[in-house]
file input-v2.cif (mmCIF, C-alpha atoms)
data_my_file
loop_
_atom_site.group_PDB
_atom_site.id
_atom_site.type_symbol
_atom_site.label_atom_id
_atom_site.label_comp_id
_atom_site.auth_asym_id
_atom_site.auth_seq_id
_atom_site.Cartn_x
_atom_site.Cartn_y
_atom_site.Cartn_z
ATOM 1 C CA MET A 1 77.212 57.066 104.128
ATOM 2 C CA SER A 2 80.430 59.105 104.231
ATOM 3 C CA GLY A 3 83.123 59.235 101.554
ATOM 4 C CA SER A 4 85.637 57.358 103.721
ATOM 5 C CA GLU A 5 83.177 54.495 104.352
ATOM 6 C CA THR A 6 82.509 54.258 100.653
ATOM 7 C CA GLU A 7 86.258 54.027 99.964
ATOM 8 C CA CYS A 8 86.616 51.139 102.416
ATOM 9 C CA LYS A 9 83.725 49.169 100.946
ATOM 10 C CA GLU A 10 84.757 49.631 97.319
ATOM 11 C CA THR A 11 86.521 46.729 95.669
ATOM 12 C CA VAL A 12 90.083 47.675 94.785
ATOM 13 C CA ALA A 13 90.773 47.061 91.149
ATOM 14 C CA LYS A 14 94.226 45.504 90.892
ATOM 15 C CA ASP A 15 94.728 44.705 87.236
ATOM 16 C CA GLU A 16 92.915 47.301 85.172
ATOM 17 C CA GLU A 17 94.958 50.245 83.931
ATOM 18 C CA ILE A 18 94.296 53.762 85.313
ATOM 19 C CA VAL A 19 94.390 56.421 82.600
ATOM 20 C CA PRO A 20 94.731 60.241 82.957
ATOM 21 C CA LYS A 21 91.755 62.533 82.978
ATOM 22 C CA LYS A 22 90.504 63.562 79.583
ATOM 23 C CA GLY A 23 90.917 67.137 78.467
ATOM 24 C CA HIS A 24 93.124 69.892 79.843
ATOM 25 C CA THR A 25 93.911 69.789 83.558
ATOM 26 C CA THR A 26 95.648 72.575 85.478
ATOM 27 C CA SER A 27 95.865 71.104 88.969
ATOM 28 C CA VAL A 28 98.960 69.121 89.979
ATOM 29 C CA ILE A 29 96.721 66.759 91.959
ATOM 30 C CA TRP A 30 95.844 64.846 88.775
ATOM 31 C CA LYS A 31 99.357 63.375 88.714
ATOM 32 C CA SER A 32 98.159 61.081 91.493
ATOM 33 C CA PHE A 33 94.612 60.416 90.212
ATOM 34 C CA GLY A 34 92.871 59.146 87.088
ATOM 35 C CA TYR A 35 90.116 56.816 85.831
ATOM 36 C CA LEU A 36 89.869 53.120 85.038
ATOM 37 C CA LYS A 37 90.341 52.461 81.365
ATOM 38 C CA SER A 38 86.959 50.748 81.217
ATOM 39 C CA ASP A 39 85.293 53.855 82.679
ATOM 40 C CA GLN A 40 84.821 55.590 79.330
ATOM 41 C CA ALA A 41 82.584 58.303 80.808
ATOM 42 C CA GLN A 42 85.162 58.883 83.602
ATOM 43 C CA THR A 43 82.624 59.033 86.411
ATOM 44 C CA SER A 44 84.648 57.431 89.222
ATOM 45 C CA ILE A 45 88.007 58.948 90.165
ATOM 46 C CA ARG A 46 90.711 56.472 91.208
ATOM 47 C CA CYS A 47 93.895 56.969 93.226
ATOM 48 C CA LYS A 48 96.918 55.778 91.241
ATOM 49 C CA ILE A 49 98.705 54.782 94.451
ATOM 50 C CA CYS A 50 96.111 52.675 96.289
ATOM 51 C CA ARG A 51 93.643 52.386 93.342
ATOM 52 C CA ARG A 52 90.709 53.275 95.577
ATOM 53 C CA PRO A 53 87.822 55.370 94.248
ATOM 54 C CA VAL A 54 87.514 58.899 95.633
ATOM 55 C CA LEU A 55 84.279 60.842 95.579
ATOM 56 C CA SER A 56 84.657 64.338 94.160
ATOM 57 C CA ARG A 57 82.393 66.853 92.527
ATOM 58 C CA THR A 58 83.208 67.952 89.012
ATOM 59 C CA GLY A 59 86.057 70.457 89.043
ATOM 60 C CA ASN A 60 86.534 70.212 92.840
ATOM 61 C CA THR A 61 89.872 68.759 93.972
ATOM 62 C CA THR A 62 89.471 69.238 97.746
ATOM 63 C CA ASN A 63 88.623 65.580 98.409
ATOM 64 C CA LEU A 64 91.567 64.500 96.277
ATOM 65 C CA PHE A 65 94.033 66.491 98.400
ATOM 66 C CA HIS A 66 92.287 65.235 101.541
ATOM 67 C CA HIS A 67 92.727 61.626 100.358
ATOM 68 C CA LEU A 68 96.469 62.132 99.834
ATOM 69 C CA LYS A 69 96.834 63.852 103.188
ATOM 70 C CA ARG A 70 95.082 61.015 105.019
ATOM 71 C CA HIS A 71 96.464 57.958 103.206
ATOM 72 C CA HIS A 72 99.616 59.143 101.388
ATOM 73 C CA PRO A 73 101.291 62.001 103.351
ATOM 74 C CA THR A 74 104.505 61.898 101.309
ATOM 75 C CA GLU A 75 102.691 62.349 97.999
ATOM 76 C CA HIS A 76 100.516 65.012 99.643
ATOM 77 C CA SER A 77 103.586 67.072 100.593
ATOM 78 C CA GLU A 78 104.980 66.734 97.084
ATOM 79 C CA SER A 79 101.684 67.904 95.585
ATOM 80 C CA LEU A 80 101.579 70.959 97.823
ATOM 81 C CA SER A 81 105.142 71.808 96.836
ATOM 82 C CA LEU A 82 104.355 71.452 93.133
ATOM 83 C CA ARG A 83 101.217 73.569 93.505
ATOM 84 C CA TYR A 84 103.215 76.327 95.224
ATOM 85 C CA HIS A 85 105.934 76.436 92.545
ATOM 86 C CA ALA A 86 103.295 76.412 89.819
ATOM 87 C CA SER A 87 101.522 79.397 91.374
ATOM 88 C CA VAL A 88 104.664 81.559 91.670
ATOM 89 C CA SER A 89 105.800 80.798 88.126
ATOM 90 C CA LEU A 90 102.560 81.684 86.383
ATOM 91 C CA PRO A 91 103.107 84.094 83.458
ATOM 92 C CA SER A 92 102.181 87.677 84.250
ATOM 93 C CA SER A 93 102.144 89.142 80.739
ATOM 94 C CA SER A 94 99.410 91.533 79.816
ATOM 95 C CA SER A 95 98.211 89.150 77.097
ATOM 96 C CA GLN A 96 97.251 86.486 79.682
ATOM 97 C CA GLN A 97 95.791 88.816 82.301
ATOM 98 C CA PRO A 98 92.756 90.958 81.579
ATOM 99 C CA SER A 99 93.529 94.642 81.680
ATOM 100 C CA PRO A 100 91.474 96.749 84.098
ATOM 101 C CA THR A 101 88.566 98.610 82.649
ATOM 102 C CA ALA A 102 88.365 102.398 82.706
ATOM 103 C CA SER A 103 85.880 102.297 85.580
ATOM 104 C CA GLN A 104 88.186 100.043 87.612
ATOM 105 C CA THR A 105 91.163 102.352 86.988
ATOM 106 C CA SER A 106 89.267 105.445 88.042
ATOM 107 C CA GLU A 107 88.017 103.606 91.115
ATOM 108 C CA VAL A 108 91.557 102.757 92.189
ATOM 109 C CA ARG A 109 92.815 106.313 91.671
ATOM 110 C CA GLN A 110 89.844 107.972 93.322
ATOM 111 C CA PRO A 111 91.032 109.339 96.699
ATOM 112 C CA THR A 112 88.873 109.117 99.774
ATOM 113 C CA ILE A 113 87.488 112.231 101.429
ATOM 114 C CA LEU A 114 89.739 111.654 104.440
ATOM 115 C CA SER A 115 92.895 111.346 102.317
ATOM 116 C CA ALA A 116 91.948 114.414 100.272
ATOM 117 C CA PHE A 117 91.607 116.591 103.365
ATOM 118 C CA SER A 118 94.756 115.067 104.893
ATOM 119 C CA ALA A 119 96.791 116.036 101.819
ATOM 120 C CA ILE A 120 95.991 119.740 102.220
ATOM 121 C CA THR A 121 95.821 120.057 106.005
ATOM 122 C CA PRO A 122 98.932 121.869 107.335
ATOM 123 C CA TYR A 123 101.101 120.181 109.938
ATOM 124 C CA GLU A 124 100.426 121.033 113.536
ATOM 125 C CA LYS A 125 103.215 123.091 115.073
ATOM 126 C CA LYS A 126 103.714 120.441 117.745
ATOM 127 C CA SER A 127 104.007 117.605 115.224
ATOM 128 C CA LYS A 128 107.327 115.842 114.686
ATOM 129 C CA ARG A 129 107.458 116.650 110.955
ATOM 130 C CA TYR A 130 106.886 120.390 111.524
ATOM 131 C CA LYS A 131 109.654 120.532 114.134
ATOM 132 C CA GLU A 132 112.086 118.629 111.894
ATOM 133 C CA ILE A 133 111.640 120.994 108.937
ATOM 134 C CA THR A 134 111.828 124.117 111.118
ATOM 135 C CA SER A 135 114.973 122.817 112.796
ATOM 136 C CA ALA A 136 116.587 122.128 109.403
ATOM 137 C CA ILE A 137 115.829 125.659 108.159
ATOM 138 C CA THR A 138 117.225 127.150 111.381
ATOM 139 C CA TYR A 139 120.411 125.108 111.017
ATOM 140 C CA CYS A 140 120.766 126.217 107.373
ATOM 141 C CA ILE A 141 120.456 129.901 108.308
ATOM 142 C CA ALA A 142 122.991 129.608 111.125
ATOM 143 C CA LYS A 143 125.493 127.300 109.405
ATOM 144 C CA ASP A 144 125.596 129.176 106.088
ATOM 145 C CA MET A 145 125.173 132.618 107.727
ATOM 146 C CA MET A 146 122.155 133.394 105.577
ATOM 147 C CA PRO A 147 120.075 136.528 106.212
ATOM 148 C CA ILE A 148 117.022 135.761 108.322
ATOM 149 C CA SER A 149 114.955 137.634 105.725
ATOM 150 C CA THR A 150 115.572 134.679 103.380
ATOM 151 C CA VAL A 151 112.525 132.895 104.821
ATOM 152 C CA GLU A 152 110.253 135.691 103.561
ATOM 153 C CA LYS A 153 111.556 135.770 99.986
ATOM 154 C CA GLN A 154 109.324 134.384 97.238
ATOM 155 C CA GLY A 155 111.939 131.978 95.883
ATOM 156 C CA PHE A 156 112.473 130.320 99.258
ATOM 157 C CA LYS A 157 108.729 130.110 99.892
ATOM 158 C CA LYS A 158 108.239 128.449 96.504
ATOM 159 C CA LEU A 159 111.011 125.968 97.279
ATOM 160 C CA MET A 160 109.430 124.981 100.597
ATOM 161 C CA SER A 161 105.964 124.614 99.060
ATOM 162 C CA VAL A 162 107.349 122.183 96.493
ATOM 163 C CA ILE A 163 109.325 120.216 99.085
ATOM 164 C CA ASP A 164 106.332 119.883 101.416
ATOM 165 C CA ALA A 165 103.099 121.738 100.715
ATOM 166 C CA LYS A 166 101.734 120.890 104.177
ATOM 167 C CA TYR A 167 104.482 122.879 105.929
ATOM 168 C CA ALA A 168 103.499 126.449 106.889
ATOM 169 C CA LEU A 169 106.722 128.472 106.819
ATOM 170 C CA PRO A 170 107.059 130.822 109.836
ATOM 171 C CA GLY A 171 108.100 134.457 109.426
ATOM 172 C CA ARG A 172 111.485 136.010 110.130
ATOM 173 C CA LYS A 173 110.434 137.094 113.636
ATOM 174 C CA TYR A 174 109.927 133.461 114.673
ATOM 175 C CA PHE A 175 113.455 132.519 113.612
ATOM 176 C CA SER A 176 115.101 135.621 115.104
ATOM 177 C CA LYS A 177 113.212 135.581 118.418
ATOM 178 C CA LYS A 178 112.710 131.877 119.095
ATOM 179 C CA SER A 179 114.234 129.330 116.726
ATOM 180 C CA LEU A 180 117.769 130.731 116.393
ATOM 181 C CA PRO A 181 118.104 131.553 120.129
ATOM 182 C CA GLN A 182 117.055 127.979 120.923
ATOM 183 C CA LEU A 183 119.720 126.631 118.565
ATOM 184 C CA TYR A 184 122.322 128.913 120.155
ATOM 185 C CA ALA A 185 121.359 127.718 123.634
ATOM 186 C CA GLU A 186 121.709 124.070 122.542
ATOM 187 C CA CYS A 187 125.136 124.630 120.946
ATOM 188 C CA ARG A 188 126.344 126.686 123.907
ATOM 189 C CA GLY A 189 125.220 124.007 126.352
ATOM 190 C CA LYS A 190 127.144 121.315 124.457
ATOM 191 C CA LEU A 191 130.293 123.471 124.306
ATOM 192 C CA GLU A 192 130.100 124.334 128.009
ATOM 193 C CA GLU A 193 129.926 120.615 128.777
ATOM 194 C CA GLN A 194 133.094 120.024 126.726
ATOM 195 C CA LEU A 195 134.964 122.932 128.330
ATOM 196 C CA ARG A 196 134.365 121.576 131.844
ATOM 197 C CA ASN A 197 136.924 118.865 131.153
ATOM 198 C CA VAL A 198 139.575 121.259 129.731
ATOM 199 C CA THR A 199 142.470 121.758 132.167
ATOM 200 C CA HIS A 200 144.493 124.278 130.135
ATOM 201 C CA PHE A 201 143.658 126.486 127.179
ATOM 202 C CA THR A 202 144.784 129.497 125.171
ATOM 203 C CA THR A 203 142.724 132.286 123.636
ATOM 204 C CA THR A 204 142.852 134.615 120.655
ATOM 205 C CA THR A 205 141.167 138.006 120.500
ATOM 206 C CA ASP A 206 140.897 140.817 117.981
ATOM 207 C CA MET A 207 139.037 144.063 117.494
ATOM 208 C CA TRP A 208 137.504 144.600 114.061
ATOM 209 C CA SER A 209 134.872 146.631 112.244
ATOM 210 C CA SER A 210 132.030 145.452 110.012
ATOM 211 C CA ARG A 211 131.280 146.809 106.530
ATOM 212 C CA THR A 212 129.028 149.369 108.178
ATOM 213 C CA SER A 213 131.900 150.440 110.493
ATOM 214 C CA GLU A 214 130.351 148.842 113.585
ATOM 215 C CA PRO A 215 132.999 147.749 116.154
ATOM 216 C CA TYR A 216 133.159 144.122 117.386
ATOM 217 C CA MET A 217 135.474 142.078 119.572
ATOM 218 C CA SER A 218 135.870 138.317 119.057
ATOM 219 C CA LEU A 219 137.252 135.758 121.496
ATOM 220 C CA THR A 220 138.353 132.264 120.412
ATOM 221 C CA ILE A 221 139.513 129.418 122.641
ATOM 222 C CA HIS A 222 142.058 126.727 121.684
ATOM 223 C CA TYR A 223 142.564 123.480 123.585
ATOM 224 C CA VAL A 224 143.524 119.814 123.237
ATOM 225 C CA ASP A 225 140.722 117.299 123.909
ATOM 226 C CA LYS A 226 140.956 113.835 125.481
ATOM 227 C CA GLU A 227 141.823 112.278 122.092
ATOM 228 C CA TRP A 228 144.726 114.746 121.705
ATOM 229 C CA ASN A 229 143.037 116.642 118.912
ATOM 230 C CA LEU A 230 143.476 120.414 118.682
ATOM 231 C CA GLN A 231 140.113 122.170 119.005
ATOM 232 C CA SER A 232 139.251 125.816 118.304
ATOM 233 C CA ARG A 233 135.895 127.375 119.192
ATOM 234 C CA CYS A 234 134.743 130.978 118.828
ATOM 235 C CA LEU A 235 133.200 131.800 122.194
ATOM 236 C CA GLN A 236 131.692 135.130 121.252
ATOM 237 C CA THR A 237 131.667 138.077 118.890
ATOM 238 C CA ALA A 238 130.433 140.989 120.981
ATOM 239 C CA TYR A 239 129.323 144.399 119.789
ATOM 240 C CA SER A 240 131.594 147.000 121.366
ATOM 241 C CA LEU A 241 129.985 150.425 121.421
ATOM 242 C CA ASP A 242 132.189 151.974 124.163
ATOM 243 C CA ASP A 243 135.572 153.573 123.597
ATOM 244 C CA HIS A 244 138.279 151.026 122.919
ATOM 245 C CA THR A 245 140.386 151.933 125.915
ATOM 246 C CA ALA A 246 142.688 149.406 127.529
ATOM 247 C CA GLU A 247 140.609 149.354 130.732
ATOM 248 C CA ILE A 248 137.339 148.623 128.898
ATOM 249 C CA ILE A 249 138.954 145.890 126.768
ATOM 250 C CA ALA A 250 140.581 144.298 129.837
ATOM 251 C CA GLN A 251 137.259 144.198 131.684
ATOM 252 C CA GLY A 252 135.465 142.803 128.604
ATOM 253 C CA LEU A 253 137.932 139.915 128.292
ATOM 254 C CA VAL A 254 137.579 138.985 131.972
ATOM 255 C CA GLU A 255 133.782 139.013 131.723
ATOM 256 C CA ALA A 256 133.881 136.897 128.558
ATOM 257 C CA LEU A 257 135.883 134.119 130.257
ATOM 258 C CA ALA A 258 133.668 134.274 133.345
ATOM 259 C CA SER A 259 130.486 133.931 131.267
ATOM 260 C CA TRP A 260 131.758 130.558 130.016
ATOM 261 C CA GLY A 261 132.889 129.392 133.448
ATOM 262 C CA LEU A 262 136.566 129.534 132.436
ATOM 263 C CA SER A 263 139.145 130.343 135.090
ATOM 264 C CA GLU A 264 141.947 132.795 134.266
ATOM 265 C CA ASP A 265 144.404 130.484 136.076
ATOM 266 C CA ARG A 266 143.791 127.792 133.420
ATOM 267 C CA GLN A 267 144.651 130.168 130.571
ATOM 268 C CA VAL A 268 148.212 129.574 129.354
ATOM 269 C CA CYS A 269 148.399 132.705 127.181
ATOM 270 C CA ILE A 270 146.415 134.988 124.894
ATOM 271 C CA THR A 271 147.375 135.861 121.316
ATOM 272 C CA THR A 272 146.724 139.420 120.084
ATOM 273 C CA ASP A 273 147.962 141.921 117.540
ATOM 274 C CA SER A 274 150.350 144.724 118.471
ATOM 275 C CA GLY A 275 147.739 147.442 119.080
ATOM 276 C CA ALA A 276 148.694 149.617 122.017
ATOM 277 C CA ASN A 277 145.266 149.333 123.673
ATOM 278 C CA ILE A 278 145.079 145.531 123.512
ATOM 279 C CA VAL A 279 148.686 145.144 124.659
ATOM 280 C CA LYS A 280 147.960 147.324 127.706
ATOM 281 C CA ALA A 281 144.669 145.494 128.382
ATOM 282 C CA VAL A 282 146.440 142.126 128.602
ATOM 283 C CA SER A 283 149.041 143.715 130.882
ATOM 284 C CA LEU A 284 146.306 145.050 133.197
ATOM 285 C CA ASN A 285 144.900 141.530 133.561
ATOM 286 C CA ASN A 286 148.381 140.095 134.247
ATOM 287 C CA TRP A 287 147.963 137.575 131.426
ATOM 288 C CA THR A 288 150.765 136.092 129.345
ATOM 289 C CA ARG A 289 150.609 137.561 125.856
ATOM 290 C CA LEU A 290 151.792 135.993 122.600
ATOM 291 C CA GLN A 291 152.210 138.215 119.560
ATOM 292 C CA CYS A 292 150.251 137.236 116.445
ATOM 293 C CA PHE A 293 152.672 135.869 113.834
ATOM 294 C CA GLY A 294 150.403 136.730 110.915
ATOM 295 C CA HIS A 295 150.045 140.316 112.083
ATOM 296 C CA ARG A 296 153.804 140.755 112.552
ATOM 297 C CA LEU A 297 154.492 139.181 109.144
ATOM 298 C CA HIS A 298 152.023 141.586 107.530
ATOM 299 C CA ARG A 299 153.739 144.564 109.154
ATOM 300 C CA ALA A 300 157.205 143.307 108.096
ATOM 301 C CA ILE A 301 156.126 142.918 104.472
ATOM 302 C CA GLY A 302 154.534 146.361 104.555
ATOM 303 C CA LYS A 303 157.738 147.957 105.796
ATOM 304 C CA LEU A 304 159.784 146.050 103.239
ATOM 305 C CA LEU A 305 157.647 147.355 100.398
ATOM 306 C CA THR A 306 158.157 150.958 101.555
ATOM 307 C CA ILE A 307 161.961 150.674 101.339
ATOM 308 C CA LYS A 308 163.220 152.298 98.168
#
call {"tool": "encode", "arguments": {"input": "input-v2.cif", "output": "structure tokens"}}
result
Amino acid sequence: MSGSETECKETVAKDEEIVPKKGHTTSVIWKSFGYLKSDQAQTSIRCKICRRPVLSRTGNTTNLFHHLKRHHPTEHSESLSLRYHASVSLPSSSSQQPSPTASQTSEVRQPTILSAFSAITPYEKKSKRYKEITSAITYCIAKDMMPISTVEKQGFKKLMSVIDAKYALPGRKYFSKKSLPQLYAECRGKLEEQLRNVTHFTTTTDMWSSRTSEPYMSLTIHYVDKEWNLQSRCLQTAYSLDDHTAEIIAQGLVEALASWGLSEDRQVCITTDSGANIVKAVSLNNWTRLQCFGHRLHRAIGKLLTIK
């Protein structure tokens, strides 16, 4: 005979008082159940709502919840809600929860063989993480104009090993032959795309020597973008080994504009110093020349200081 059939055949006690369960109870379900007062041994559980007996093993409240769900859905929902709030508000102090033993702690901290090998295996060069770190180092060298030899210095190697021990730092040849040229190609491609939409521009050029007396010529472009913001970009700084004659400089400037796909007709003017060779070079190209204000101011101050 099932529990439900037994419940139907039991006589419902209408007058006798139902008392709480003896002893300490932790489940919220006992707010809806108890025992008849005459049942001193508390062998037959009674529902306080319908007063029917409910079969249940000692310490098992499954049938009690099932009874509420089947016959008293409202009280069943309330019991579930109370049980949930009771579970989330249980004290979590160390005094009420047993602390893990030494063997349990060591078991938790013990790494697996797979994780141990994974922690020391270097990144593959095609992996996303390897490419991200290499790209960041390349950007740092280019942006801050650091010597490429920095990547082979002990301090930098130590820094990278602490940041990510799985990253194998490439040598200087990799950055000089591959990584930095790739970055230059990307930046040049983006700038060329921007310059295609420029209708008019001006340029600035100057000849200068490095600390080791090596000659260079720089060319900078100035233009206004679509948002009416003034933009300046250094197109190139070229090593100039030949004699600095006007003809050579004139040809170098024409080739520089052509290499960027810039038409001479779109150039409004070019700003230079007052050197005789550069002045003649601009004249040979039939370009409009604007004298450098800073250079002329420097010369004026110099002359003023020589006056006694």
call {"tool": "resolve_selection", "arguments": {"input": "input-v2.cif", "expression": "the PyMOL selection byres ((chain A and resi 237-247) around 10)", "output": "JSON, numbers by chain"}}
result
{"A": [205, 206, 207, 208, 209, 214, 215, 216, 217, 218, 219, 220, 234, 235, 236, 248, 249, 250, 251, 252, 256, 276, 277, 278, 279, 280, 281, 282, 283, 284, 285]}
call {"tool": "atom_distance", "arguments": {"input": "input-v2.cif", "atom1": "atom CA of Ile18 of chain A", "atom2": "atom CA of Ala41 of chain A"}}
result
13.3 Å
call {"tool": "closest_residue", "arguments": {"input": "input-v2.cif", "among": "A:Ile307, A:Gln40, A:Cys187, A:Ile29", "to": "Lys69 of chain A", "atoms": "only C-alpha atoms"}}
result
A:Ile29
call {"tool": "residues_around", "arguments": {"input": "input-v2.cif", "residues": "Phe201 of chain A", "least_positions_apart": "6", "cutoff": "8 Å", "atoms": "all atoms listed in the file", "output": "JSON, numbers by chain"}}
result
{"A": [221, 222, 223, 224, 266, 267, 268, 269]}
call {"tool": "residues_around", "arguments": {"input": "input-v2.cif", "residues": "Leu290 of chain A", "least_positions_apart": "2", "cutoff": "7 Å", "atoms": "only C-alpha atoms", "output": "PyMOL selection string"}}
result
chain A and resi 269-272+288+292
call {"tool": "closest_residue", "arguments": {"input": "input-v2.cif", "among": "A:Arg51, A:Arg188, A:His24, A:His66", "to": "Leu36 of chain A", "atoms": "only C-alpha atoms"}}
result
A:Arg51
call {"tool": "residues_around", "arguments": {"input": "input-v2.cif", "residues": "segment 135-142 of chain A", "least_positions_apart": "5", "cutoff": "12 Å", "atoms": "only C-alpha atoms", "output": "count of residues only"}}
result
31
call {"tool": "atom_distance", "arguments": {"input": "input-v2.cif", "atom1": "atom CA of Lys126 of chain A", "atom2": "atom CA of Glu193 of chain A"}}
result
28.4 Å
call {"tool": "atom_distance", "arguments": {"input": "input-v2.cif", "atom1": "atom CA of His72 of chain A", "atom2": "atom CA of Trp30 of chain A"}}
result
14.3 Å
